[in-house]
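Following: one structure in structure tokens, then a few remarks.
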Amino acid sequence: MSRAASLVSPETVHPSLWLASQLARSSGRCIDTGFAALSSQLPGGGWPQGVLIDLLLQQHGMGELRLLRPALQALGRRPIVLLQPPHAPQALALAALGLEPSQLVWIRSGARSADALWAAEQVLRSGCCGALLLWQNHARAETLRRLHLAAQTGDTLFCLLRPLAAAQDASPAPLRLALHTAPGGIEIGFVKRRGPQRDTPLFLPLTPTLFQRHASLDRSTPAALATRSLLSALVS
């Protein structure tokens, strides 16, 4: 191969190389995000499997599960592990998202974050699950490296959900997205990706939750109050 050709297409020299002005070509498997606007901004055109994905949240329950829903549904019948979620999963709310409760595995590891991180590593190395969603407030750099290495042993869709402030910390994750609340959806900031820097957030409209679809109910009626109370419990 000529020197000029390798400069035009550096991925032909090694799959981990790419031009800074272009999105990298993913050398691994990807799952379509279900959102064309987002997929077009990601190397490989979707969520990468077998790596650490860092999702940095402005607040819990802002739409992160609705964002991941199309990818989780695409996993078929493979188990989906929810590790240390901030609230107990609600079966009816998850079913409303199109996720079969029998497909979900909820793991509570106790108060020690080290236990949750150990459990995450075992899930990743086992290769038995289609996706692992891990909620953590703090994680040291060496822990993130261990998790990233464990993820690379299989094809699990692995998302680490952390507070937005963690965007200032270093991470081996090849994809890091900052999620902000926005009317009718979310705004996605590209903290890190294998490709050119994008300074403008991407707005994604999301399907309203059960609670949001019934937010216009008349508050003065007892039936409306009872319905809102039930919906609030389901989506919390």
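So you can find residues: chains in the structure tokens are A, B, ... in the order shown, residues in each start at 1, and ligands are numbered from 1 in order.
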Could you pull out all residues of range 21-226 of chain A with a DSSP call of alpha helix (DSSP H) and give them as a PyMOL selection string?
chain A and resi 36-39+64-73+91-96+113-126+141-151+210-213+222-226
Compile the contact shell of Val105 in chain A as number ranges by chain: residues with an atom at most 10 Å away, counting only C-alpha atoms, same-chain residues fewer than 4 positions apart removed.
A: 79-83, 89, 101, 129, 132
Please, could you write that set of residues out with N, CA, C and O atoms as a JSON list (two decimals), in the first residue's frame?
[["chain", "number", "residue", "atom", "x", "y", "z"],
["A", 79, "PRO", "N", -30.72, -12.07, 28.44],
["A", 79, "PRO", "CA", -30.97, -11.36, 29.70],
["A", 79, "PRO", "C", -30.38, -9.96, 29.71],
["A", 79, "PRO", "O", -29.35, -9.68, 29.10],
["A", 80, "ILE", "N", -31.07, -9.08, 30.42],
["A", 80, "ILE", "CA", -30.63, -7.70, 30.63],
["A", 80, "ILE", "C", -30.44, -7.51, 32.14],
["A", 80, "ILE", "O", -31.39, -7.67, 32.90],
["A", 81, "VAL", "N", -29.24, -7.15, 32.55],
["A", 81, "VAL", "CA", -28.92, -7.02, 33.97],
["A", 81, "VAL", "C", -29.00, -5.55, 34.38],
["A", 81, "VAL", "O", -28.37, -4.68, 33.75],
["A", 82, "LEU", "N", -29.77, -5.27, 35.43],
["A", 82, "LEU", "CA", -29.84, -3.95, 36.03],
["A", 82, "LEU", "C", -29.10, -4.04, 37.36],
["A", 82, "LEU", "O", -29.56, -4.68, 38.30],
["A", 83, "LEU", "N", -27.95, -3.40, 37.45],
["A", 83, "LEU", "CA", -27.09, -3.51, 38.63],
["A", 83, "LEU", "C", -27.04, -2.18, 39.38],
["A", 83, "LEU", "O", -26.61, -1.16, 38.83],
["A", 89, "PRO", "N", -36.74, -1.51, 40.28],
["A", 89, "PRO", "CA", -37.42, -1.60, 38.98],
["A", 89, "PRO", "C", -38.90, -1.94, 39.14],
["A", 89, "PRO", "O", -39.27, -2.76, 39.98],
["A", 101, "PRO", "N", -40.41, -8.28, 31.67],
["A", 101, "PRO", "CA", -39.87, -8.40, 33.04],
["A", 101, "PRO", "C", -39.10, -9.70, 33.27],
["A", 101, "PRO", "O", -38.12, -9.72, 34.01],
["A", 129, "CYS", "N", -25.06, -12.47, 29.15],
["A", 129, "CYS", "CA", -26.11, -11.44, 29.13],
["A", 129, "CYS", "C", -25.98, -10.56, 27.89],
["A", 129, "CYS", "O", -24.88, -10.28, 27.41],
["A", 132, "LEU", "N", -25.74, -5.00, 30.16],
["A", 132, "LEU", "CA", -25.51, -4.70, 31.57],
["A", 132, "LEU", "C", -25.60, -3.20, 31.75],
["A", 132, "LEU", "O", -24.85, -2.45, 31.13]]
Mind pulling up the distance from CA of Glu187 in chain A to CA of Leu92 in chain A?
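Taking CA of Leu92 in chain A and CA of Glu187 in chain A, their separation equals 26.7 Å.
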Residues at most 10 Å from Leu133 in chain A, counting only C-alpha atoms, excluding those fewer than 3 positions away in the same chain, as a PyMOL selection string?
chain A and resi 53+65+68+80-85+106+120+136+157-161
Which is closer to Gly50 in chain A than all the others in A:Ala166, A:Leu175, A:Ala95, A:Ala139, using only C-alpha atoms?
A:Leu175
Report the distance between CA of Gln152 in chain A and CA of Arg66 in chain A in Å, rounded to one decimal place.
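So the two atoms, CA of Gln152 in chain A and CA of Arg66 in chain A, lie 25.3 Å apart.
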Please list as number ranges by chain every residue within 12 Å of Lys192 in chain A, counting only C-alpha atoms and excluding residues in the same chain fewer than 2 positions away.
A: 23, 41-43, 53-56, 167-178, 188-190, 194-199
